[in-house]
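Pasted below: model.csv, CSV, C-alpha atoms and all ligand atoms.
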chain,number,residue,atom,x,y,z
A,1,MET,CA,44.5,37.8,45.6
A,2,PRO,CA,42.5,39.3,48.5
A,3,ALA,CA,40.8,42.6,47.8
A,4,ASN,CA,41.8,44.2,51.1
A,5,LEU,CA,39.0,46.7,51.0
A,6,THR,CA,39.4,49.6,53.4
A,7,GLN,CA,37.0,50.8,56.1
A,8,GLN,CA,36.3,53.9,54.0
A,9,TYR,CA,35.4,51.8,51.0
A,10,LYS,CA,33.1,49.7,53.2
A,11,LYS,CA,31.4,52.8,54.6
A,12,ALA,CA,30.8,54.0,51.1
A,13,GLU,CA,29.4,50.6,50.2
A,14,GLN,CA,27.1,50.7,53.2
A,15,ARG,CA,25.9,54.1,52.0
A,16,TYR,CA,25.4,52.7,48.5
A,17,LYS,CA,23.3,49.8,49.9
A,18,ALA,CA,21.2,52.1,52.1
A,19,ALA,CA,20.6,54.7,49.3
A,20,GLY,CA,17.0,55.4,48.4
A,21,THR,CA,17.7,57.4,45.2
A,22,ASP,CA,19.9,57.0,42.2
A,23,ALA,CA,21.6,60.3,43.0
A,24,GLU,CA,22.6,59.1,46.5
A,25,ARG,CA,23.7,55.8,44.9
A,26,LEU,CA,25.8,57.5,42.4
A,27,ASP,CA,27.5,59.6,45.0
A,28,ALA,CA,28.3,56.6,47.1
A,29,LEU,CA,29.6,54.7,44.0
A,30,GLU,CA,31.9,57.6,43.1
A,31,GLU,CA,33.3,57.3,46.6
A,32,MET,CA,33.7,53.6,46.4
A,33,LEU,CA,35.7,54.0,43.2
A,34,ARG,CA,37.9,56.6,44.8
A,35,GLU,CA,38.5,54.4,47.8
A,36,ILE,CA,38.9,51.0,46.2
A,37,PRO,CA,42.5,49.8,46.4
A,38,LYS,CA,43.9,49.8,42.9
A,39,HIS,CA,45.5,46.5,42.2
A,40,LYS,CA,45.0,43.3,40.3
A,41,GLY,CA,42.8,41.7,43.0
A,42,THR,CA,40.2,44.4,42.6
A,43,GLU,CA,40.2,44.8,38.8
A,44,HIS,CA,36.9,42.9,38.3
A,45,LEU,CA,35.3,44.8,41.1
A,46,GLN,CA,36.5,48.2,39.7
A,47,ALA,CA,35.1,47.3,36.3
A,48,ASP,CA,31.8,46.3,37.9
A,49,LEU,CA,31.6,49.6,39.8
A,50,LYS,CA,32.4,51.6,36.6
A,51,LYS,CA,29.7,49.7,34.7
A,52,ARG,CA,27.2,50.5,37.5
A,53,ARG,CA,28.3,54.1,37.5
A,54,SER,CA,27.6,54.6,33.8
A,55,LYS,CA,24.2,52.9,34.1
A,56,LEU,CA,23.3,55.2,37.0
A,57,LYS,CA,24.5,58.3,35.2
A,58,ALA,CA,22.3,57.3,32.2
A,59,ALA,CA,19.3,56.7,34.4
A,60,ILE,CA,19.7,60.0,36.2
A,61,GLU,CA,20.2,62.0,32.9
A,62,GLY,CA,17.3,60.2,31.2
A,63,GLY,CA,15.0,60.6,34.2
A,64,GLY,CA,15.7,64.3,34.3
A,65,LYS,CA,14.5,64.8,30.8
A,66,LYS,CA,11.1,66.5,30.5
A,67,SER,CA,9.0,64.8,28.0
A,68,GLY,CA,7.1,61.6,29.0
A,69,GLY,CA,8.5,59.7,26.1
A,70,GLY,CA,12.1,60.3,27.3
A,71,GLY,CA,13.4,57.0,25.9
A,72,HIS,CA,14.7,54.0,27.7
A,73,VAL,CA,14.3,54.9,31.3
A,74,ASP,CA,11.3,53.1,32.9
A,75,VAL,CA,10.2,55.1,35.9
A,76,PHE,CA,8.2,52.1,37.0
A,77,HIS,CA,11.4,50.1,37.4
A,78,ILE,CA,12.8,50.6,40.9
A,79,PRO,CA,16.3,49.1,41.3
A,80,LYS,CA,16.5,47.0,44.4
A,81,SER,CA,18.3,48.1,47.4
A,82,GLY,CA,18.7,46.6,50.9
A,83,ALA,CA,17.4,43.3,52.3
A,84,GLY,CA,14.2,43.3,50.3
A,85,GLN,CA,11.7,45.4,48.3
A,86,VAL,CA,8.1,45.9,49.3
A,87,ALA,CA,5.8,47.6,46.9
A,88,LEU,CA,2.5,49.2,48.1
A,89,VAL,CA,-0.7,48.8,46.2
A,90,GLY,CA,-3.9,50.6,46.9
A,91,MET,CA,-6.7,52.9,45.8
A,92,PRO,CA,-6.4,56.7,45.7
A,93,ASN,CA,-6.0,58.3,49.1
A,94,ALA,CA,-5.6,55.0,50.9
A,95,GLY,CA,-2.5,56.3,52.7
A,96,LYS,CA,0.4,54.7,50.7
A,97,SER,CA,2.6,57.8,50.6
A,98,ALA,CA,1.9,58.4,54.3
A,99,ILE,CA,3.4,55.0,55.1
A,100,LEU,CA,6.6,55.9,53.2
A,101,ALA,CA,6.7,59.3,55.0
A,102,ALA,CA,6.2,57.6,58.4
A,103,LEU,CA,8.8,54.8,57.9
A,104,THR,CA,11.5,56.3,55.6
A,105,HIS,CA,13.3,59.5,54.8
A,106,ALA,CA,11.9,59.6,51.3
A,107,HIS,CA,10.3,62.9,50.2
A,108,VAL,CA,6.9,61.9,49.1
A,109,LEU,CA,3.8,64.0,48.8
A,110,VAL,CA,1.0,63.1,51.2
A,111,ALA,CA,-2.3,65.0,50.4
A,112,ASP,CA,-6.0,64.6,51.0
A,113,TYR,CA,-6.8,64.6,47.3
A,114,PRO,CA,-6.7,61.5,45.0
A,115,PHE,CA,-3.9,60.7,42.5
A,116,THR,CA,-1.3,62.6,44.4
A,117,THR,CA,1.4,60.1,43.5
A,118,ASP,CA,2.0,59.7,39.8
A,119,LYS,CA,5.1,57.4,39.7
A,120,PRO,CA,6.7,54.9,42.1
A,121,ALA,CA,9.2,56.2,44.6
A,122,PRO,CA,11.4,54.2,46.9
A,123,GLY,CA,12.5,54.8,50.5
A,124,MET,CA,14.5,52.8,53.0
A,125,ALA,CA,12.9,51.7,56.2
A,126,GLN,CA,14.9,50.3,59.0
A,127,TYR,CA,14.3,47.3,61.2
A,128,GLU,CA,17.0,46.9,63.8
A,129,ASP,CA,20.2,46.9,61.6
A,130,VAL,CA,18.4,45.9,58.4
A,131,HIS,CA,17.5,48.2,55.6
A,132,ILE,CA,14.3,47.4,53.8
A,133,GLN,CA,13.1,49.2,50.6
A,134,LEU,CA,9.5,50.3,50.5
A,135,VAL,CA,8.1,51.5,47.2
A,136,ASP,CA,5.3,54.1,47.1
A,137,ALA,CA,3.2,53.7,44.0
A,138,PRO,CA,0.5,55.5,42.1
A,139,PRO,CA,-3.0,54.3,42.9
A,140,ILE,CA,-5.3,51.9,41.1
A,141,THR,CA,-9.1,52.1,40.6
A,142,ALA,CA,-11.7,49.7,39.3
A,143,ASP,CA,-11.2,51.2,35.8
A,144,TYR,CA,-7.6,52.2,35.7
A,145,ALA,CA,-4.1,51.3,36.7
A,146,PRO,CA,-0.9,52.8,35.3
A,147,PRO,CA,0.4,50.3,32.7
A,148,GLY,CA,3.9,50.3,34.2
A,149,LEU,CA,2.8,49.4,37.7
A,150,VAL,CA,2.7,45.7,36.9
A,151,ASN,CA,6.5,45.8,36.4
A,152,THR,CA,7.0,47.5,39.7
A,153,CYS,CA,4.9,44.8,41.4
A,154,ARG,CA,6.4,41.9,39.5
A,155,SER,CA,10.0,42.8,40.6
A,156,ALA,CA,9.1,43.4,44.2
A,157,ASP,CA,9.8,40.7,46.9
A,158,MET,CA,6.5,41.5,48.7
A,159,LEU,CA,3.4,43.4,48.0
A,160,GLY,CA,1.5,45.4,50.6
A,161,ILE,CA,-2.1,46.0,49.8
A,162,VAL,CA,-2.9,49.3,51.6
A,163,ILE,CA,-6.5,49.6,52.8
A,164,ASP,CA,-7.9,52.8,54.3
A,165,LEU,CA,-10.0,51.5,57.2
A,166,ALA,CA,-11.9,54.7,57.3
A,167,GLY,CA,-13.1,54.2,53.7
A,168,GLU,CA,-15.0,51.5,51.7
A,169,VAL,CA,-12.9,48.6,52.8
A,170,LEU,CA,-14.6,45.9,50.8
A,171,GLU,CA,-14.5,47.8,47.6
A,172,GLN,CA,-10.8,48.6,48.1
A,173,MET,CA,-10.0,44.9,48.7
A,174,GLU,CA,-12.0,43.8,45.7
A,175,VAL,CA,-10.3,46.4,43.4
A,176,CYS,CA,-6.8,45.5,44.7
A,177,THR,CA,-7.1,41.7,44.5
A,178,ALA,CA,-8.8,41.9,41.1
A,179,TYR,CA,-5.9,44.0,39.8
A,180,LEU,CA,-3.3,41.7,41.3
A,181,ASP,CA,-5.1,38.5,40.1
A,182,SER,CA,-5.5,39.8,36.6
A,183,HIS,CA,-1.7,40.2,36.3
A,184,LYS,CA,-1.0,37.0,38.3
A,185,LEU,CA,0.9,39.0,40.9
A,186,ILE,CA,-0.3,37.2,44.0
A,187,LEU,CA,2.1,34.3,44.6
A,188,ASP,CA,2.4,32.1,47.6
A,189,ASP,CA,5.4,30.1,48.5
A,190,THR,CA,4.4,27.0,46.5
A,191,ASP,CA,3.7,28.8,43.3
A,192,GLU,CA,7.3,28.7,42.0
A,193,ALA,CA,10.1,26.2,42.1
A,194,SER,CA,12.4,28.9,43.6
A,195,GLN,CA,11.1,30.4,46.8
A,196,ARG,CA,13.4,33.3,46.2
A,197,LEU,CA,11.0,34.5,43.5
A,198,ALA,CA,7.8,34.0,45.4
A,199,ARG,CA,6.1,37.2,46.4
A,200,LYS,CA,4.2,37.3,49.6
A,201,THR,CA,1.1,39.6,49.6
A,202,PHE,CA,-0.2,41.0,52.9
A,203,VAL,CA,-2.5,43.8,53.9
A,204,ILE,CA,-1.6,47.0,55.6
A,205,ALA,CA,-4.8,48.3,57.2
A,206,THR,CA,-4.2,52.0,57.8
A,207,LYS,CA,-5.9,55.0,59.3
A,208,ALA,CA,-6.7,52.9,62.4
A,209,ASP,CA,-6.9,56.2,64.3
A,210,ILE,CA,-10.0,57.3,62.5
A,211,ALA,CA,-11.5,53.9,61.6
A,212,PRO,CA,-15.0,53.0,62.8
A,213,ALA,CA,-14.7,50.2,65.5
A,214,GLY,CA,-14.8,46.7,64.1
A,215,THR,CA,-14.0,47.7,60.5
A,216,LEU,CA,-10.9,45.5,60.3
A,217,GLU,CA,-12.8,42.5,61.7
A,218,THR,CA,-15.5,42.9,59.1
A,219,LEU,CA,-12.9,43.1,56.3
A,220,LYS,CA,-11.2,39.9,57.5
A,221,GLU,CA,-14.4,38.1,57.9
A,222,LEU,CA,-15.6,38.9,54.4
A,223,THR,CA,-12.2,38.4,52.6
A,224,GLU,CA,-11.6,34.7,51.7
A,225,ARG,CA,-7.8,35.0,51.1
A,226,PRO,CA,-5.7,34.1,54.0
A,227,PHE,CA,-3.8,37.4,54.0
A,228,GLU,CA,-2.0,38.6,57.1
A,229,TYR,CA,-3.3,41.9,58.2
A,230,ILE,CA,-1.3,44.6,60.0
A,231,GLU,CA,-3.2,47.4,61.5
A,232,ILE,CA,-1.5,50.8,61.6
A,233,SER,CA,-1.9,54.5,61.7
A,234,SER,CA,0.7,56.6,60.0
A,235,GLU,CA,-0.7,59.6,61.9
A,236,THR,CA,-0.3,58.3,65.4
A,237,GLY,CA,2.5,55.7,64.8
A,238,GLN,CA,0.3,52.9,66.0
A,239,GLY,CA,1.4,49.5,64.7
A,240,LEU,CA,4.5,50.9,62.8
A,241,ASP,CA,7.0,48.9,64.9
A,242,GLU,CA,5.0,45.7,64.3
A,243,LEU,CA,4.8,46.5,60.6
A,244,ARG,CA,8.6,46.9,60.4
A,245,ARG,CA,9.1,43.7,62.3
A,246,ARG,CA,6.6,41.6,60.3
A,247,ILE,CA,8.0,42.8,57.0
A,248,PHE,CA,11.5,41.7,58.1
A,249,GLU,CA,10.1,38.3,59.2
A,250,MET,CA,8.1,37.8,56.1
A,251,LEU,CA,11.1,38.6,53.8
A,252,ASP,CA,12.6,35.5,55.3
A,253,VAL,CA,16.2,36.7,55.3
A,254,ILE,CA,18.9,36.3,57.8
A,255,ARG,CA,21.7,38.6,58.9
A,256,ILE,CA,25.3,37.6,58.8
A,257,TYR,CA,28.1,39.6,60.3
A,258,ALA,CA,31.4,39.1,58.5
A,259,LYS,CA,34.6,38.8,60.4
A,260,LYS,CA,38.2,39.0,59.3
A,261,PRO,CA,40.8,36.7,60.9
A,262,HIS,CA,42.2,38.3,64.1
A,263,LYS,CA,39.8,41.2,63.9
A,264,PRO,CA,36.5,41.9,65.5
A,265,ALA,CA,33.4,41.3,63.4
A,266,ASP,CA,31.7,44.1,61.6
A,267,MET,CA,28.6,44.3,63.7
A,268,ILE,CA,27.2,47.4,62.0
A,269,ASP,CA,26.4,46.4,58.5
A,270,PRO,CA,25.3,42.7,58.2
A,271,PHE,CA,24.9,40.9,54.9
A,272,THR,CA,21.4,39.7,54.4
A,273,LEU,CA,20.8,36.4,52.7
A,274,LYS,CA,17.8,34.3,52.0
A,275,ARG,CA,17.0,31.9,54.9
A,276,GLY,CA,18.5,28.5,54.1
A,277,SER,CA,21.7,30.0,52.6
A,278,ASP,CA,25.0,28.3,53.4
A,279,VAL,CA,28.5,29.6,53.8
A,280,HIS,CA,29.2,29.1,50.2
A,281,ASP,CA,26.2,31.3,49.3
A,282,MET,CA,27.6,34.0,51.6
A,283,ALA,CA,31.0,34.0,49.8
A,284,TYR,CA,29.2,34.1,46.5
A,285,HIS,CA,27.2,37.0,47.6
A,286,ILE,CA,30.3,38.9,48.6
A,287,HIS,CA,32.1,38.2,45.4
A,288,ARG,CA,31.3,35.6,42.8
A,289,GLU,CA,34.9,34.7,42.2
A,290,LEU,CA,35.7,34.4,45.9
A,291,ALA,CA,33.2,31.6,46.2
A,292,ASP,CA,35.3,29.2,44.3
A,293,LYS,CA,38.3,29.9,46.4
A,294,LEU,CA,36.5,29.4,49.7
A,295,LYS,CA,38.3,26.8,51.8
A,296,THR,CA,36.8,26.8,55.3
A,297,ALA,CA,35.0,29.1,57.6
A,298,ARG,CA,34.6,29.7,61.4
A,299,ALA,CA,31.4,30.6,63.1
A,300,TRP,CA,30.4,32.4,66.2
A,301,ASN,CA,27.0,33.0,67.7
A,302,SER,CA,25.7,29.8,66.0
A,303,PRO,CA,23.2,27.4,67.5
A,304,ASN,CA,24.8,24.1,68.5
A,305,ILE,CA,28.3,25.2,67.6
A,306,HIS,CA,31.1,26.4,69.9
A,307,ASP,CA,32.2,29.9,69.2
A,308,GLY,CA,35.1,29.9,66.8
A,309,GLN,CA,34.6,26.4,65.6
A,310,SER,CA,35.4,25.6,62.0
A,311,VAL,CA,32.4,24.9,59.7
A,312,PRO,CA,32.1,23.5,56.2
A,313,ARG,CA,31.0,25.4,53.1
A,314,GLU,CA,27.7,23.6,53.4
A,315,HIS,CA,27.0,24.9,56.9
A,316,ILE,CA,23.5,26.4,56.8
A,317,LEU,CA,23.5,29.9,58.3
A,318,SER,CA,21.2,31.3,60.9
A,319,ASP,CA,20.2,34.8,61.8
A,320,LYS,CA,22.9,36.9,63.5
A,321,GLU,CA,25.7,34.4,63.0
A,322,ILE,CA,29.2,35.8,62.8
A,323,ILE,CA,31.3,34.2,60.0
A,324,GLU,CA,34.9,34.3,59.2
A,325,LEU,CA,35.8,33.1,55.7
A,326,HIS,CA,39.1,31.5,54.8
A,327,PHE,CA,40.2,31.4,51.2
A,328,GLY,CA,42.8,29.2,49.6
B,401,LIG,N1,-6.0,60.1,60.2
B,401,LIG,C1,-5.1,59.5,59.3
B,401,LIG,N2,-5.0,60.1,58.1
B,401,LIG,C2,-4.1,59.5,57.2
B,401,LIG,C3,-3.4,58.3,57.6
B,401,LIG,N3,-2.6,58.0,56.5
B,401,LIG,C4,-2.9,58.9,55.6
B,401,LIG,N4,-3.8,59.8,56.0
B,401,LIG,C5,-4.3,60.9,55.2
B,401,LIG,O1,-5.0,60.4,54.1
B,401,LIG,C6,-4.7,61.3,52.9
B,401,LIG,C7,-4.1,60.5,51.8
B,401,LIG,O2,-2.9,60.0,52.2
B,401,LIG,P1,-1.8,59.7,51.1
B,401,LIG,O3,-0.7,59.0,51.8
B,401,LIG,O4,-1.4,60.8,50.3
B,401,LIG,O5,-2.6,58.6,50.2
B,401,LIG,P2,-2.0,57.8,48.9
B,401,LIG,O6,-2.5,56.4,49.0
B,401,LIG,O7,-0.6,58.0,48.7
B,401,LIG,O8,-2.9,58.5,47.7
B,401,LIG,P3,-2.5,58.6,46.2
B,401,LIG,O9,-1.2,59.1,46.0
B,401,LIG,O10,-3.6,59.4,45.6
B,401,LIG,O11,-2.6,57.2,45.7
B,401,LIG,C8,-3.8,62.4,53.5
B,401,LIG,O12,-4.6,63.5,53.8
B,401,LIG,C9,-3.2,61.8,54.7
B,401,LIG,O13,-2.8,62.8,55.6
B,401,LIG,C10,-3.6,57.8,58.9
B,401,LIG,O14,-3.0,56.8,59.3
B,401,LIG,N5,-4.5,58.4,59.7
B,402,MG,MG,0.4,58.8,47.2

Could the structure of this file be written out as structure tokens, please?
Ligand SMILES: Nc1nc2c(ncn2[C@@H]2O[C@H](COP(=O)(O)OP(=O)(O)OP(=O)(O)O)[C@@H](O)[C@H]2O)c(=O)[nH]1
Ligand SMILES: [Mg+2]
Amino acid sequence: MPANLTQQYKKAEQRYKAAGTDAERLDALEEMLREIPKHKGTEHLQADLKKRRSKLKAAIEGGGKKSGGGGHVDVFHIPKSGAGQVALVGMPNAGKSAILAALTHAHVLVADYPFTTDKPAPGMAQYEDVHIQLVDAPPITADYAPPGLVNTCRSADMLGIVIDLAGEVLEQMEVCTAYLDSHKLILDDTDEASQRLARKTFVIATKADIAPAGTLETLKELTERPFEYIEISSETGQGLDELRRRIFEMLDVIRIYAKKPHKPADMIDPFTLKRGSDVHDMAYHIHRELADKLKTARAWNSPNIHDGQSVPREHILSDKEIIELHFG
């Protein structure tokens, strides 16, 4: 039975996906539960939403408790949201929180003393119509890293090494790569059978506005790893558009706009799927049980295909395609 989800439900779901905090997520979930059509076809979805609601409630209540040993809530675990998650790694004062403040609406503290940030905090950055989650993190030094940080890094899709170009760049690079290597956190695409799990690591070279000329070139020359470097200033905004764009490209996801028969496509809130996904993966992403019932699909805005042509389940999707799913 089709779920027949309403526009209000979809709006709430959109809010849920774009949420940066558990409280926002819970609020959106409550609305989804209120708006979801109550019939047999949505029973599983309702149960799933309720399960997510109780988890979120537990996380929020647990997180609000004072003592550090507050039980089962791991503040270093940041639930994923949006098209991908990028965790920032760097030494004290490198400018990690300033990047969150410049690219997202997250309320993070930026200050000119070290160890300002004591636990990871997420925020949503936007590239065109795609939401990407950035995670601010406490700093690491040659002698110390918060034990939980390795979990934050391990679950992220990408890691951004933040280097303050106005500071000791080589020392920062050495400390960051030593930390990441010691926990086997640097992966390239060939490290794992599944590319979905491979984490790309790149460098965000920040404070370009006050960096001595030539610093980035020296850093590149003396660093053997083939990292990509993106030079920015959170202060002036230099390089921030490029940073957003490259993060989106490196995440290697595609956007798909879903369309219902005889209705215009939803061009506001695309699904994001790993590049290489096919129509069946899309159906699975929307709802696991729908995937088995998928019969055919039609595609628009596809390379080499007439608009509205029917495509098989195995049709490999490309960025910005519009897809109409037909279920049996
Ligand atoms: N001029 C300039 N200053 C910056 C830039 N980014 C950050 N800063 C300053 O650098 C200092 C540290 O910035 P934060 O973003 O708090 O650094 P952090 O890496 O989060 O520091 P910790 O939380 O201690 O790890 C602040 O005084 C910022 O205003 C930049 O692009 N240009
Ligand atoms: Mg900080």

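The list of residues with at least one atom within 7 Å of region 12-28 of chain A, based on all atoms listed in the file and without residues fewer than 2 positions apart in the same chain, reads Gln8, Tyr9, Lys10, Glu30, Glu31, Met32, Arg53, Leu56, Ile60, Ser81, Gly82, Pro122, Gly123, Met124, His131 and Asp269 of chain A.
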
Notebook entry, point to check: What gap, in Å, lies between CA of Lys295 (chain A) and CA of Pro312 (chain A)?
Noted result: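 Interatomic distance here is 8.3 Å.
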
Check: Distance CA of Asp307 (chain A)-CA of Phe248 (chain A), one decimal place?
Finding: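 Value for the CA of Asp307 (chain A)-CA of Phe248 (chain A) distance: 26.3 Å.
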
Item checked: Point-to-point distance in Å for CA of Arg244 (chain A) and CA of Ile286 (chain A) ->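 One can read the CA of Ile286 (chain A) to CA of Arg244 (chain A) distance as 26.0 Å.
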
Notebook entry, point to check: Of the residues A:Leu33, A:Leu49, A:Leu216, A:Val110, which is the one nearest to ligand MG 402 (chain B), using all atoms listed in the file?
Noted result: A:Val110

Notebook entry, point to check: Can I get the residues close to ligand LIG 401 (chain B) as a PyMOL selection string, where close means within 10 Å and we count only C-alpha atoms and all ligand atoms?
Noted result: chain A and resi 88-102+108-120+136-141+162-166+205-211+231-238
